[in-house]
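Chemist: What follows is a single structure, and I will ask about it in a moment.
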Amino acid sequence: MVLKQIKYQGFRNLVDAEIAFAEDLNYIIGDNGAGKTNLLEAIFYAGNASSFRENDDRSLVRFDAQFFRVEAQAEGDKNAAVYFDSERKKMILGGNRVSRISDFIGWLGVTIISIDDIWIVRGAPSKRRAFLDWMIAKISPAYAADLAEYRKIVRQRNRYLQSYNENGRERLFEVLDERLIEIGNEIYKKREAKLPELRRRFAEFGENFGTKKFDLDYQSDCANMRLDNDMLKRVRSREIALGQTVIGPHRDDLLFSIDGRSMQHYASEGEERAASISLKLAEAEILYHSRGNRPILLLDEVSAELDRQKREILLGLLKGQVFYASTQLPEQKAETGKDCRTFHIEGGMIEIS
């Protein structure tokens, strides 16, 4: 997939503009705070109708604007637009209004590789679940819809658990449990289908950065990644005491290891960074083999914390259209014949050189 151009109004600190991109390498160069990440975010938003940094779309509206609009055109005359103001979000895909975000996500395959990805490895389980869920949602709109429904069920069930007493209606428990099991197991099936490939590609990319072996496992309190009534009954008293659903795909985790030992306890910072990059490259390769075209790669200051050797390794692994955001151009030259363009950004204003 190739992003031909993007147009944005009122987005972050960016000065309203329409920009055409190179098919291979796009270098976005500027000082910290100039707006490099905001441009990458606008591209990501155009493909997913959501940010990779914020949950609240209101924070994306420029301080002097009442709304923002992002439009994108890709190869094959594919196009989309997203409009947001304080009242609503409007999504247009191929000229048609789209009401569900699950039907919009992934029309433009995008993988963001950021310096903050290290927190997928060293951070809370929610970071790792979010990575896994986003990866699968870009492949399967049905998965995104299942996630939205599952979260709704968990919220309803938690409210009921918090208000439950000895005179509580057991029938309502049965109804909520039935839906939790049905949708939860659909999520498990799709996760289970992609985990072996993710594990294999994560290890393969990790080999490029060193001799130690990267691996990952899936951790769940649900045996064989399946929910059932017996499991829910066993934790019923604990759930009532805590007022929350304590078992299911929303509680699971990915466990990373290096040479068979926990990465969180034994990996150096350099190894954690190599692991987070390998994970995102694995995602990009999975998207490619699932969708038939390479996703766009957005690199946000990724090379800043890498030594020269690892920077060269990373650049050699990149495939497809790349957007490379940094304070300076990489030392390694682009391959002869590559279509390249350099954008300098200052105060949200972009100049093409």
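Identifiers in the structure tokens: chain A, B, ... in order shown; residue index from 1 per chain; ligand index from 1 in order shown.
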Just want the 7 Å neighbourhood of stretch 14-17 of chain A, counted on only C-alpha atoms, with same-chain residues fewer than 5 positions away dropped. Output as a PyMOL selection string.
Modeler: chain A and resi 7-9+35+348-349
Chemist: Those same residues - N, CA and C atoms - I'd like them written as a PDB file, in the first residue's frame.
Modeler:
ATOM      1  N   LYS A   7      -4.238  15.458   3.386  1.00  0.00           N
ATOM      2  CA  LYS A   7      -4.663  16.832   3.591  1.00  0.00           C
ATOM      3  C   LYS A   7      -5.236  16.941   4.991  1.00  0.00           C
ATOM      4  N   TYR A   8      -4.853  17.969   5.733  1.00  0.00           N
ATOM      5  CA  TYR A   8      -5.350  18.094   7.104  1.00  0.00           C
ATOM      6  C   TYR A   8      -5.654  19.552   7.422  1.00  0.00           C
ATOM      7  N   GLN A   9      -6.641  19.724   8.300  1.00  0.00           N
ATOM      8  CA  GLN A   9      -7.050  21.035   8.803  1.00  0.00           C
ATOM      9  C   GLN A   9      -7.246  20.920  10.311  1.00  0.00           C
ATOM     10  N   GLY A  35       6.684  19.131  15.294  1.00  0.00           N
ATOM     11  CA  GLY A  35       5.452  18.570  14.736  1.00  0.00           C
ATOM     12  C   GLY A  35       5.651  17.292  13.951  1.00  0.00           C
ATOM     13  N   GLY A 348       5.184  23.380  13.008  1.00  0.00           N
ATOM     14  CA  GLY A 348       4.015  22.797  12.361  1.00  0.00           C
ATOM     15  C   GLY A 348       3.912  23.068  10.872  1.00  0.00           C
ATOM     16  N   MET A 349       4.868  23.827  10.324  1.00  0.00           N
ATOM     17  CA  MET A 349       4.854  24.141   8.893  1.00  0.00           C
ATOM     18  C   MET A 349       5.869  23.267   8.173  1.00  0.00           C
TER      19      MET A 349
END
Chemist: Got a sec: who's within 9 Å of A:Arg128, counting only C-alpha atoms, leaving out chain neighbours fewer than 3 positions off, as a ChimeraX atom specification?
Modeler: /A:119-121,123-125,131-133,253-255
Chemist: Nearest residue to A:Asn229 out of A:Gly76, A:Gly243, A:Gly248, A:Pro295, using only C-alpha atoms?
Modeler: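 With only C-alpha atoms as the atom set, the closest residue is A:Gly248.
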Chemist: Please run DSSP on the backbone and report, as a PDB file with C-alpha atoms, in the first residue's frame, all residues within stretch 30-89 of chain A that come out as helix (DSSP H, G or I).
Modeler:
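What ended up in out-v1.pdb:
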ATOM      1  CA  LYS A  36       7.115  15.462  13.300  1.00  0.00           C
ATOM      2  CA  THR A  37       5.123  13.038  15.454  1.00  0.00           C
ATOM      3  CA  ASN A  38       1.944  15.018  14.778  1.00  0.00           C
ATOM      4  CA  LEU A  39       2.339  14.438  11.038  1.00  0.00           C
ATOM      5  CA  LEU A  40       2.815  10.698  11.621  1.00  0.00           C
ATOM      6  CA  GLU A  41      -0.222  10.784  13.884  1.00  0.00           C
ATOM      7  CA  ALA A  42      -2.305  12.435  11.151  1.00  0.00           C
ATOM      8  CA  ILE A  43      -1.315   9.637   8.749  1.00  0.00           C
ATOM      9  CA  PHE A  44      -2.169   6.974  11.332  1.00  0.00           C
ATOM     10  CA  TYR A  45      -5.474   8.696  12.087  1.00  0.00           C
ATOM     11  CA  ALA A  46      -6.378   8.760   8.401  1.00  0.00           C
ATOM     12  CA  GLY A  47      -6.012   4.977   8.331  1.00  0.00           C
ATOM     13  CA  ASN A  48      -7.617   4.073  11.663  1.00  0.00           C
ATOM     14  CA  ASP A  57      -9.992  13.010  20.074  1.00  0.00           C
ATOM     15  CA  ARG A  58     -10.640  16.465  21.524  1.00  0.00           C
ATOM     16  CA  SER A  59      -6.963  16.807  22.387  1.00  0.00           C
ATOM     17  CA  LEU A  60      -6.129  16.516  18.665  1.00  0.00           C
ATOM     18  CA  GLU A  75      -2.878   3.973  -4.641  1.00  0.00           C
ATOM     19  CA  GLY A  76      -5.739   2.416  -6.559  1.00  0.00           C
ATOM     20  CA  ASP A  77      -7.871   5.529  -6.012  1.00  0.00           C
TER      21      ASP A  77
END
Chemist: Go through A:Ala274, A:Val82, A:Ala282, A:Leu161 one by one, measure the shortest atom-to-atom distance of each to A:Arg238 using only C-alpha atoms, and give the residue with the smallest value.
Modeler: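 Of all the options, A:Leu161 lies closest to A:Arg238.
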Chemist: Excluding A:Ile113 and any residue of its chain fewer than 6 positions from it, enumerate the residues within 8 Å of it, using only C-alpha atoms, and give them as a PyMOL selection string.
Modeler: chain A and resi 277+280+297-300+302
Chemist: Hey, can you check how far atom CA of A:Ile345 sits from atom CA of A:Ala65?
Modeler: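 Taking atom CA of A:Ile345 and atom CA of A:Ala65, their separation equals 20.2 Å.
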